[in-house]
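Shown here: run16.cif, mmCIF, C-alpha atoms and all ligand atoms.
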data_work
#
loop_
_atom_site.label_atom_id
_atom_site.label_comp_id
_atom_site.auth_asym_id
_atom_site.auth_seq_id
_atom_site.Cartn_x
_atom_site.Cartn_y
_atom_site.Cartn_z
CA MET A 11 108.09 106.74 118.81
CA ALA A 12 109.07 108.16 115.42
CA PRO A 13 106.46 107.85 112.64
CA ARG A 14 106.70 104.63 110.67
CA LYS A 15 108.05 104.73 107.14
CA PRO A 16 106.28 102.47 104.64
CA THR A 17 109.07 99.92 104.43
CA LEU A 18 109.02 96.61 106.27
CA LEU A 19 112.22 94.82 107.22
CA LEU A 20 111.41 91.20 107.94
CA PHE A 21 114.18 89.17 109.59
CA ASP A 22 114.79 85.47 109.99
CA VAL A 23 116.05 84.76 113.53
CA ASP A 24 118.65 81.95 113.62
CA GLY A 25 121.84 82.90 111.78
CA THR A 26 120.38 86.28 110.81
CA LEU A 27 119.64 88.21 114.04
CA THR A 28 121.46 85.72 116.26
CA LYS A 29 124.14 83.12 115.80
CA ALA A 30 122.55 79.67 115.40
CA ARG A 31 120.51 78.79 118.51
CA GLN A 32 122.19 81.56 120.49
CA SER A 33 120.82 84.70 122.07
CA ILE A 34 120.80 88.04 120.35
CA THR A 35 123.63 90.33 121.46
CA PRO A 36 122.81 93.59 123.31
CA GLU A 37 124.40 95.47 120.39
CA MET A 38 122.07 93.80 117.87
CA THR A 39 119.04 94.53 120.07
CA GLU A 40 120.06 98.18 120.25
CA PHE A 41 120.59 98.22 116.49
CA LEU A 42 117.07 96.87 115.86
CA ARG A 43 115.66 99.54 118.18
CA SER A 44 117.42 102.22 116.17
CA VAL A 45 116.21 100.69 112.89
CA ARG A 46 112.61 101.11 114.05
CA GLU A 47 113.05 104.85 113.64
CA HIS A 48 113.51 104.31 109.90
CA ALA A 49 111.37 101.27 109.04
CA CYS A 50 108.87 98.82 110.40
CA VAL A 51 110.51 95.67 111.84
CA GLY A 52 109.24 92.09 111.85
CA VAL A 53 110.69 88.66 112.58
CA VAL A 54 109.77 85.35 111.00
CA GLY A 55 111.27 82.22 112.54
CA GLY A 56 110.80 78.50 112.09
CA SER A 57 110.93 77.94 115.84
CA ASP A 58 107.96 78.24 118.18
CA LEU A 59 107.19 81.46 120.06
CA PRO A 60 108.88 80.58 123.38
CA LYS A 61 112.11 79.72 121.57
CA ILE A 62 112.05 82.90 119.52
CA CYS A 63 111.41 84.94 122.69
CA GLN A 64 114.24 83.12 124.45
CA GLN A 65 116.65 83.99 121.66
CA LEU A 66 115.53 87.59 121.19
CA ALA A 67 114.78 88.71 124.77
CA GLY A 68 115.76 86.07 127.32
CA GLY A 69 112.20 84.68 127.24
CA ASP A 70 110.42 88.01 127.74
CA GLU A 71 107.65 87.98 125.12
CA ALA A 72 106.58 91.58 125.81
CA SER A 73 110.11 92.78 124.98
CA VAL A 74 110.00 90.96 121.66
CA HIS A 75 106.72 92.69 120.77
CA ARG A 76 108.21 96.03 121.76
CA LEU A 77 111.19 95.36 119.48
CA CYS A 78 109.18 94.03 116.53
CA GLU A 79 105.84 95.22 115.18
CA TYR A 80 105.29 91.81 113.55
CA VAL A 81 106.28 88.54 115.19
CA PHE A 82 105.77 85.39 113.15
CA ALA A 83 106.58 82.17 114.97
CA GLU A 84 106.53 78.79 113.20
CA ASN A 85 106.77 80.59 109.84
CA GLY A 86 103.74 82.76 110.65
CA LEU A 87 101.32 80.05 111.75
CA VAL A 88 101.40 81.87 115.08
CA ALA A 89 101.24 85.55 114.13
CA PHE A 90 101.29 88.80 116.10
CA LYS A 91 100.91 92.42 115.07
CA GLY A 92 101.65 95.14 117.61
CA GLY A 93 101.66 92.57 120.40
CA GLU A 94 98.19 91.23 119.49
CA GLN A 95 97.80 87.69 118.24
CA ILE A 96 96.15 87.84 114.80
CA HIS A 97 96.35 84.22 113.65
CA LYS A 98 96.99 80.65 114.71
CA ALA A 99 97.00 77.61 112.45
CA ASP A 100 96.96 74.06 113.60
CA LEU A 101 98.56 70.93 112.14
CA VAL A 102 96.07 68.50 113.68
CA SER A 103 93.10 70.23 112.03
CA GLN A 104 94.97 70.29 108.74
CA LEU A 105 96.21 66.68 108.57
CA GLY A 106 94.13 64.68 111.05
CA ASP A 107 95.31 62.33 113.77
CA ALA A 108 95.22 59.14 111.70
CA PHE A 109 97.70 60.55 109.17
CA LEU A 110 99.87 62.12 111.86
CA GLN A 111 100.20 58.83 113.69
CA ARG A 112 101.16 57.03 110.47
CA PHE A 113 103.78 59.71 109.80
CA ILE A 114 105.24 59.68 113.30
CA ASN A 115 105.40 55.88 113.41
CA PHE A 116 107.22 55.73 110.08
CA THR A 117 109.66 58.45 111.15
CA LEU A 118 110.51 56.79 114.46
CA ALA A 119 111.00 53.46 112.68
CA HIS A 120 113.41 55.12 110.23
CA LEU A 121 115.34 56.87 113.02
CA SER A 122 115.58 53.63 115.01
CA LYS A 123 117.74 52.20 112.21
CA VAL A 124 120.11 55.17 112.03
CA GLU A 125 123.50 54.66 113.73
CA LEU A 126 125.18 57.83 115.01
CA PRO A 127 128.16 58.49 117.31
CA LEU A 128 125.55 59.33 119.96
CA LYS A 129 121.83 59.93 120.39
CA ARG A 130 119.91 61.89 122.98
CA GLY A 131 116.15 62.45 123.43
CA ASN A 132 113.24 64.34 121.83
CA PHE A 133 113.53 62.97 118.30
CA VAL A 134 110.10 64.13 117.14
CA GLU A 135 108.94 67.52 118.39
CA PHE A 136 105.30 68.25 117.67
CA ARG A 137 104.54 71.93 117.20
CA ASN A 138 101.37 73.82 116.30
CA GLY A 139 102.26 74.03 112.66
CA MET A 140 105.10 71.65 111.98
CA ILE A 141 106.79 68.47 113.08
CA ASN A 142 110.49 68.83 113.75
CA VAL A 143 112.45 65.59 113.37
CA SER A 144 115.95 65.34 114.80
CA PRO A 145 118.08 62.19 114.30
CA ILE A 146 120.36 63.03 117.26
CA GLY A 147 117.47 64.31 119.42
CA ARG A 148 116.71 67.89 120.35
CA SER A 149 117.87 67.42 123.96
CA CYS A 150 121.53 67.19 122.88
CA SER A 151 124.01 69.69 124.32
CA GLN A 152 125.58 72.49 122.30
CA ALA A 153 128.83 70.48 121.96
CA GLU A 154 126.88 67.41 120.79
CA ARG A 155 124.96 69.59 118.35
CA ASP A 156 128.21 70.95 116.90
CA GLN A 157 129.53 67.41 116.56
CA PHE A 158 126.36 66.32 114.74
CA VAL A 159 126.69 69.21 112.28
CA GLU A 160 130.08 67.85 111.20
CA TYR A 161 128.88 64.24 111.16
CA ASP A 162 125.81 65.14 109.09
CA ALA A 163 127.90 67.10 106.59
CA ALA A 164 130.05 64.00 106.04
CA HIS A 165 127.32 61.32 106.17
CA GLY A 166 124.13 63.00 104.92
CA VAL A 167 121.99 61.73 107.81
CA ARG A 168 119.30 64.35 107.28
CA SER A 169 119.37 64.02 103.47
CA ASP A 170 118.70 60.30 103.89
CA LEU A 171 115.82 61.09 106.21
CA VAL A 172 114.34 63.54 103.69
CA ARG A 173 114.72 60.92 100.93
CA ALA A 174 112.89 58.29 102.99
CA LEU A 175 110.10 60.69 103.94
CA THR A 176 109.70 61.85 100.34
CA GLU A 177 109.43 58.25 99.10
CA GLN A 178 106.81 57.43 101.71
CA PHE A 179 104.83 60.69 101.90
CA GLY A 180 105.79 62.55 98.71
CA ASP A 181 102.19 62.78 97.49
CA SER A 182 100.68 63.92 100.78
CA GLY A 183 101.24 67.65 100.25
CA LEU A 184 104.05 67.88 102.82
CA CYS A 185 107.42 69.66 102.59
CA PHE A 186 110.57 68.28 104.18
CA CYS A 187 113.04 71.06 104.84
CA ILE A 188 116.59 70.94 106.20
CA GLY A 189 116.48 74.26 108.03
CA GLY A 190 118.67 74.40 111.11
CA GLN A 191 121.59 72.27 112.27
CA ILE A 192 120.23 69.02 113.69
CA SER A 193 116.73 68.56 112.33
CA VAL A 194 114.27 68.46 109.45
CA ASP A 195 111.09 70.55 109.46
CA VAL A 196 107.93 68.91 108.13
CA PHE A 197 104.87 71.00 107.25
CA PRO A 198 102.12 71.33 104.62
CA LYS A 199 103.16 72.95 101.33
CA GLY A 200 102.86 76.73 101.56
CA TRP A 201 103.41 76.67 105.33
CA ASP A 202 106.96 77.93 104.83
CA LYS A 203 107.99 81.50 105.65
CA THR A 204 105.92 82.85 102.71
CA TYR A 205 102.89 82.00 104.88
CA SER A 206 103.65 85.12 106.93
CA LEU A 207 103.40 87.41 103.90
CA GLN A 208 99.58 87.23 103.82
CA PHE A 209 99.61 89.31 107.03
CA VAL A 210 101.80 92.11 105.66
CA GLU A 211 101.24 92.23 101.89
CA LYS A 212 98.13 94.40 102.18
CA GLU A 213 99.43 96.62 104.97
CA GLY A 214 100.51 99.40 102.62
CA PHE A 215 104.28 98.90 102.74
CA ASP A 216 106.02 100.21 99.64
CA GLU A 217 108.60 97.43 99.97
CA ILE A 218 109.01 94.34 102.10
CA HIS A 219 112.66 93.41 102.57
CA PHE A 220 113.49 89.94 103.84
CA PHE A 221 116.86 89.05 105.42
CA GLY A 222 117.83 85.43 105.88
CA ASP A 223 120.86 83.14 105.93
CA LYS A 224 119.36 79.91 104.48
CA THR A 225 118.37 81.40 101.14
CA SER A 226 119.80 78.72 98.80
CA PRO A 227 117.45 76.09 97.31
CA GLY A 228 116.55 73.62 100.08
CA GLY A 229 117.10 76.20 102.82
CA ASN A 230 114.17 77.34 104.94
CA ASP A 231 114.56 80.97 103.82
CA HIS A 232 114.61 80.16 100.10
CA ALA A 233 110.89 80.48 99.31
CA ILE A 234 110.39 83.86 101.00
CA TYR A 235 113.74 85.12 99.68
CA GLU A 236 112.59 84.35 96.12
CA ASP A 237 108.98 85.44 96.60
CA PRO A 238 108.00 88.34 94.28
CA ARG A 239 106.39 90.13 97.24
CA THR A 240 109.77 90.57 98.94
CA VAL A 241 113.14 92.06 98.15
CA GLY A 242 115.42 89.24 99.32
CA HIS A 243 118.75 89.73 101.10
CA SER A 244 121.06 86.79 101.73
CA VAL A 245 123.24 87.23 104.83
CA VAL A 246 126.03 85.15 106.33
CA ASP A 247 125.68 86.14 109.99
CA PRO A 248 124.22 88.85 112.27
CA SER A 249 127.02 91.32 111.58
CA ASP A 250 126.38 90.94 107.85
CA THR A 251 122.67 91.54 108.48
CA ARG A 252 123.53 94.75 110.25
CA ARG A 253 125.88 95.86 107.49
CA GLN A 254 123.27 95.20 104.78
CA VAL A 255 120.50 96.99 106.70
CA GLU A 256 122.77 99.99 107.24
CA GLU A 257 123.50 100.10 103.52
CA LEU A 258 119.84 99.75 102.60
CA LEU A 259 118.69 102.49 104.96
CA LYS A 260 121.76 104.60 104.19
CA LEU A 261 122.75 104.70 107.86
CA ARG A 262 126.47 104.52 107.16
O1 LIG A 301 117.09 77.86 111.97
C1 LIG A 301 115.73 77.59 112.18
C2 LIG A 301 115.56 76.17 112.68
O2 LIG A 301 116.02 76.10 114.02
C3 LIG A 301 115.92 74.85 114.62
O3 LIG A 301 116.70 73.92 113.91
P1 LIG A 301 117.89 73.07 114.56
O4 LIG A 301 117.53 72.76 115.97
O5 LIG A 301 117.98 71.85 113.68
O6 LIG A 301 119.14 73.90 114.45
C4 LIG A 301 114.52 74.35 114.62
O7 LIG A 301 113.75 75.13 115.49
C5 LIG A 301 113.93 74.40 113.23
O8 LIG A 301 112.57 74.08 113.26
C6 LIG A 301 114.10 75.77 112.61
O9 LIG A 301 113.68 75.75 111.27
#

For the structure just supplied, provide its representation as structure tokens.
Ligand code: M1P
Amino acid sequence: MAPRKPTLLLFDVDGTLTKARQSITPEMTEFLRSVREHACVGVVGGSDLPKICQQLAGGDEASVHRLCEYVFAENGLVAFKGGEQIHKADLVSQLGDAFLQRFINFTLAHLSKVELPLKRGNFVEFRNGMINVSPIGRSCSQAERDQFVEYDAAHGVRSDLVRALTEQFGDSGLCFCIGGQISVDVFPKGWDKTYSLQFVEKEGFDEIHFFGDKTSPGGNDHAIYEDPRTVGHSVVDPSDTRRQVEELLKLR
């Protein structure tokens, strides 16, 4: 492998390396491989490790580690460098079961009063480092997901959920973030994508570039995009990511 240059390119996954919830294209995989000859590559996603691996390599974790020197799942709460796990944080230790049960009960009660065109299952997904709450349910199909996106844009279902959670738990040190298409991420303050920077900021990179598509205020890429430790790049889709990386590395 070519010697590493002291620049890190850190990519969001959904909407940045792949279309939302879809798999990376072979062309984008090949592009990332070629980028590794010019810079160090990392990914930081809000999803858990199996989902990131599914999107980036059809579920093959080893391939993801070969493609990316740094892999940060759940915003970096599950962190890998060179294929070795270097960190794991845990929501239960942080918040305790009594609080978590109060939170989950309140959330389910709120969702039980929400009327939608349709609902499916898996409304509260408990992850190592965050709770993901979905009014339609995470087991919806792609077509149902697309339909919810339109419905939510018109009716503000997730904004209402965030409002209710903020009223009830606003002083508990939690963030409520509308990240993807059908859900709200809930995690302790600081456990956003900037969490991952502690693992790279002292690694000797001259610059850390971050590429993400949800960089506006309220988006789950906003904090890391604005962070003084990164040079932020706002992208609209994977082809835009590629174009901006090519410009940055002067590959065109
Ligand atoms: O885009 C990242 C988000 O992807 C999923 O969101 P959704 O299913 O709502 O599109 C979730 O994994 C979410 O946690 C994550 O932030």

Could you check which of A:Leu110, A:Ile188, A:Val88, A:Val45 is closest to ligand LIG 301 (chain A), using all atoms listed in the file? A:Ile188

Using all atoms of region 58-70 of chain A that appear in the file, construct an axis-aligned enclosing box with 6 Å of padding on every side and provide its centre coordinates and edge lengths in Å, rounded to one decimal, as AutoDock Vina command-line options.
--center_x 111.9 --center_y 83.5 --center_z 123.0 --size_x 21.5 --size_y 22.5 --size_z 21.6

8 Å contact set for Arg137 (chain A), all atoms listed in the file, chain neighbours under 5 positions out, as a list of chain:residue names: A:Asp58, A:Leu101, A:Asn142

Which residues of chain A come within 10 Å of ligand LIG 301 (chain A), and what is each one's closest atom pair and distance in Å (one decimal), counting all atoms listed in the file, sorted by chain and residue number, as a tab-separated table?
residue	atom	partner	partner_atom	distance
A:Asp22	CA	A:LIG301	O1	8.2
A:Val23	CA	A:LIG301	O1	7.2
A:Asp24	CA	A:LIG301	O1	4.7
A:Gly25	CA	A:LIG301	O1	6.9
A:Thr26	CA	A:LIG301	O1	9.1
A:Thr28	CA	A:LIG301	O1	10.0
A:Lys29	CA	A:LIG301	O1	9.6
A:Ala30	CA	A:LIG301	O1	6.7
A:Arg31	CA	A:LIG301	O6	6.5
A:Val54	CA	A:LIG301	C1	9.9
A:Gly55	CA	A:LIG301	C1	6.4
A:Gly56	CA	A:LIG301	O9	4.1
A:Ser57	CA	A:LIG301	O7	4.0
A:Asp58	CA	A:LIG301	O7	7.1
A:Lys61	CA	A:LIG301	O7	7.8
A:Ile62	CA	A:LIG301	O7	8.9
A:Glu84	CA	A:LIG301	O8	7.7
A:Asn85	CA	A:LIG301	O9	8.6
A:Glu135	CA	A:LIG301	O8	9.1
A:Arg137	CA	A:LIG301	O8	9.2
A:Met140	CA	A:LIG301	O8	8.0
A:Ile141	CA	A:LIG301	O8	8.1
A:Asn142	CA	A:LIG301	O8	5.7
A:Val143	CA	A:LIG301	O5	8.4
A:Ser144	CA	A:LIG301	O5	6.9
A:Pro145	CA	A:LIG301	O5	9.7
A:Ile146	CA	A:LIG301	O5	9.8
A:Gly147	CA	A:LIG301	O4	9.1
A:Arg148	CA	A:LIG301	O4	6.6
A:Ser149	CA	A:LIG301	O4	9.6
A:Cys150	CA	A:LIG301	O4	9.7
A:Arg155	CA	A:LIG301	O6	8.2
A:Asp156	CA	A:LIG301	O6	9.8
A:Val159	CA	A:LIG301	O6	9.1
A:Arg168	CA	A:LIG301	O5	9.9
A:Cys187	CA	A:LIG301	O9	8.0
A:Ile188	CA	A:LIG301	O9	7.6
A:Gly189	CA	A:LIG301	O9	4.5
A:Gly190	CA	A:LIG301	O6	3.4
A:Gln191	CA	A:LIG301	O6	3.7
A:Ile192	CA	A:LIG301	O5	3.6
A:Ser193	CA	A:LIG301	O5	3.8
A:Val194	CA	A:LIG301	O5	6.6
A:Asp195	CA	A:LIG301	O8	5.4
A:Val196	CA	A:LIG301	O8	8.6
A:Asp202	CA	A:LIG301	O9	9.6
A:Lys203	CA	A:LIG301	O9	9.9
A:Gly222	CA	A:LIG301	O1	9.7
A:Asp223	CA	A:LIG301	O1	8.9
A:Lys224	CA	A:LIG301	O1	8.1
A:Gly229	CA	A:LIG301	O9	9.1
A:Asn230	CA	A:LIG301	O9	6.5
A:Asp231	CA	A:LIG301	O1	9.1

Counting only C-alpha atoms, closest pick from A:Ala108, A:Val246, A:Ala119, A:Ala49 relative to Leu261 (chain A) is A:Ala49

Which residues, protein or nucleic acid, reach to within 12 Å of (122.0, 101.4, 107.7) in the file's coordinates when using only C-alpha atoms, and can you give that as JSON, numbers by chain? {"A": [19, 41, 42, 44, 45, 46, 47, 48, 49, 249, 250, 251, 252, 253, 254, 255, 256, 257, 258, 259, 260, 261, 262]}

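The interatomic distance for the pair CA of Thr240 (chain A) and CA of Gln32 (chain A) works out to 26.5 Å.
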
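Separating CA of Gln152 (chain A) from CA of His243 (chain A) is a distance of 28.2 Å.
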
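Counting from CA of Gln65 (chain A), the distance to CA of Ile34 (chain A) is 5.9 Å.
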
Looking at all atoms listed in the file, which of A:Phe82, A:Phe90, A:Tyr161, A:Phe221 is the one that sits closest to Leu126 (chain A)? A:Tyr161

Using all atoms listed in the file, determine which residues lie at most 12 Å from Gln111 (chain A), disregarding the query and same-chain residues fewer than 4 positions distant; provide the list as a ChimeraX atom specification. /A:102,105-107,115-118,134,136,141

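With distances taken over all atoms listed in the file, A:Leu77 is the one residue among A:Cys63, A:Leu18, A:Leu77, A:Leu171 lying closest to Glu40 (chain A).
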
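For the set A:Ile218, A:Val245, A:Ala99, A:Val124, the residue with the smallest atom-to-atom gap to Leu87 (chain A) is A:Ala99, counting all atoms listed in the file.
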
Nearest to Thr35 (chain A): which of A:Ala67, A:Ala72, A:Gly242, A:Ser103 is it, counting all atoms listed in the file? A:Ala67

Excluding same-chain residues fewer than 3 positions from Asp100 (chain A), what lies within 7 Å of it counting all atoms listed in the file, as a compact mmCIF listing (two decimals) with C-alpha atoms, keeping the file's coordinate frame?
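Result written to around-v4.txt:
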# COMPACT_ATOMS: atom_id res chain seq x y z
CA SER A 103 93.10 70.23 112.03
CA GLN A 104 94.97 70.29 108.74
CA ASN A 138 101.37 73.82 116.30
CA GLY A 139 102.26 74.03 112.66

Could N, CA and C atoms be built for region 40-67 of chain A and written out as an mmCIF file, in the frame of the given file?
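See part-v7.cif below for the written result:
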data_model
loop_
_atom_site.group_PDB
_atom_site.id
_atom_site.type_symbol
_atom_site.label_atom_id
_atom_site.label_comp_id
_atom_site.auth_asym_id
_atom_site.auth_seq_id
_atom_site.Cartn_x
_atom_site.Cartn_y
_atom_site.Cartn_z
ATOM 1 N N GLU A 40 120.021 96.715 120.329
ATOM 2 C CA GLU A 40 120.060 98.180 120.250
ATOM 3 C C GLU A 40 119.960 98.632 118.791
ATOM 4 N N PHE A 41 120.642 97.882 117.913
ATOM 5 C CA PHE A 41 120.590 98.220 116.490
ATOM 6 C C PHE A 41 119.157 98.125 115.964
ATOM 7 N N LEU A 42 118.460 97.030 116.325
ATOM 8 C CA LEU A 42 117.070 96.870 115.860
ATOM 9 C C LEU A 42 116.197 98.020 116.363
ATOM 10 N N ARG A 43 116.429 98.403 117.631
ATOM 11 C CA ARG A 43 115.660 99.540 118.180
ATOM 12 C C ARG A 43 115.874 100.790 117.336
ATOM 13 N N SER A 44 117.129 101.005 116.955
ATOM 14 C CA SER A 44 117.420 102.220 116.170
ATOM 15 C C SER A 44 116.827 102.110 114.766
ATOM 16 N N VAL A 45 116.772 100.888 114.236
ATOM 17 C CA VAL A 45 116.210 100.690 112.890
ATOM 18 C C VAL A 45 114.729 101.055 112.879
ATOM 19 N N ARG A 46 114.050 100.838 113.991
ATOM 20 C CA ARG A 46 112.610 101.110 114.050
ATOM 21 C C ARG A 46 112.285 102.585 113.825
ATOM 22 N N GLU A 47 113.286 103.432 113.938
ATOM 23 C CA GLU A 47 113.050 104.850 113.640
ATOM 24 C C GLU A 47 112.985 105.104 112.140
ATOM 25 N N HIS A 48 113.439 104.114 111.353
ATOM 26 C CA HIS A 48 113.510 104.310 109.900
ATOM 27 C C HIS A 48 112.593 103.366 109.126
ATOM 28 N N ALA A 49 112.177 102.268 109.754
ATOM 29 C CA ALA A 49 111.370 101.270 109.040
ATOM 30 C C ALA A 49 110.589 100.451 110.066
ATOM 31 N N CYS A 50 109.620 99.742 109.553
ATOM 32 C CA CYS A 50 108.870 98.820 110.400
ATOM 33 C C CYS A 50 109.671 97.505 110.475
ATOM 34 N N VAL A 51 109.679 96.863 111.647
ATOM 35 C CA VAL A 51 110.510 95.670 111.840
ATOM 36 C C VAL A 51 109.625 94.475 112.176
ATOM 37 N N GLY A 52 109.925 93.341 111.523
ATOM 38 C CA GLY A 52 109.240 92.090 111.850
ATOM 39 C C GLY A 52 110.230 90.948 111.887
ATOM 40 N N VAL A 53 109.858 89.872 112.597
ATOM 41 C CA VAL A 53 110.690 88.660 112.580
ATOM 42 C C VAL A 53 109.832 87.484 112.153
ATOM 43 N N VAL A 54 110.451 86.583 111.393
ATOM 44 C CA VAL A 54 109.770 85.350 111.000
ATOM 45 C C VAL A 54 110.734 84.194 111.230
ATOM 46 N N GLY A 55 110.380 83.335 112.178
ATOM 47 C CA GLY A 55 111.270 82.220 112.540
ATOM 48 C C GLY A 55 110.559 80.891 112.380
ATOM 49 N N GLY A 56 111.369 79.845 112.168
ATOM 50 C CA GLY A 56 110.800 78.500 112.090
ATOM 51 C C GLY A 56 110.483 77.936 113.464
ATOM 52 N N SER A 57 111.125 78.456 114.485
ATOM 53 C CA SER A 57 110.930 77.940 115.840
ATOM 54 C C SER A 57 109.601 78.416 116.419
ATOM 55 N N ASP A 58 109.211 77.810 117.553
ATOM 56 C CA ASP A 58 107.960 78.240 118.180
ATOM 57 C C ASP A 58 108.195 79.541 118.973
ATOM 58 N N LEU A 59 107.103 80.131 119.437
ATOM 59 C CA LEU A 59 107.190 81.460 120.060
ATOM 60 C C LEU A 59 108.097 81.483 121.303
ATOM 61 N N PRO A 60 107.987 80.510 122.218
ATOM 62 C CA PRO A 60 108.880 80.580 123.380
ATOM 63 C C PRO A 60 110.359 80.565 122.996
ATOM 64 N N LYS A 61 110.697 79.773 121.965
ATOM 65 C CA LYS A 61 112.110 79.720 121.570
ATOM 66 C C LYS A 61 112.558 81.033 120.930
ATOM 67 N N ILE A 62 111.705 81.609 120.126
ATOM 68 C CA ILE A 62 112.050 82.900 119.520
ATOM 69 C C ILE A 62 112.227 83.961 120.615
ATOM 70 N N CYS A 63 111.317 83.949 121.590
ATOM 71 C CA CYS A 63 111.410 84.940 122.690
ATOM 72 C C CYS A 63 112.665 84.702 123.517
ATOM 73 N N GLN A 64 113.022 83.432 123.711
ATOM 74 C CA GLN A 64 114.240 83.120 124.450
ATOM 75 C C GLN A 64 115.454 83.709 123.729
ATOM 76 N N GLN A 65 115.495 83.527 122.418
ATOM 77 C CA GLN A 65 116.650 83.990 121.660
ATOM 78 C C GLN A 65 116.712 85.519 121.550
ATOM 79 N N LEU A 66 115.533 86.142 121.459
ATOM 80 C CA LEU A 66 115.530 87.590 121.190
ATOM 81 C C LEU A 66 115.431 88.449 122.451
ATOM 82 N N ALA A 67 114.967 87.857 123.569
ATOM 83 C CA ALA A 67 114.780 88.710 124.770
ATOM 84 C C ALA A 67 114.821 87.897 126.050
#
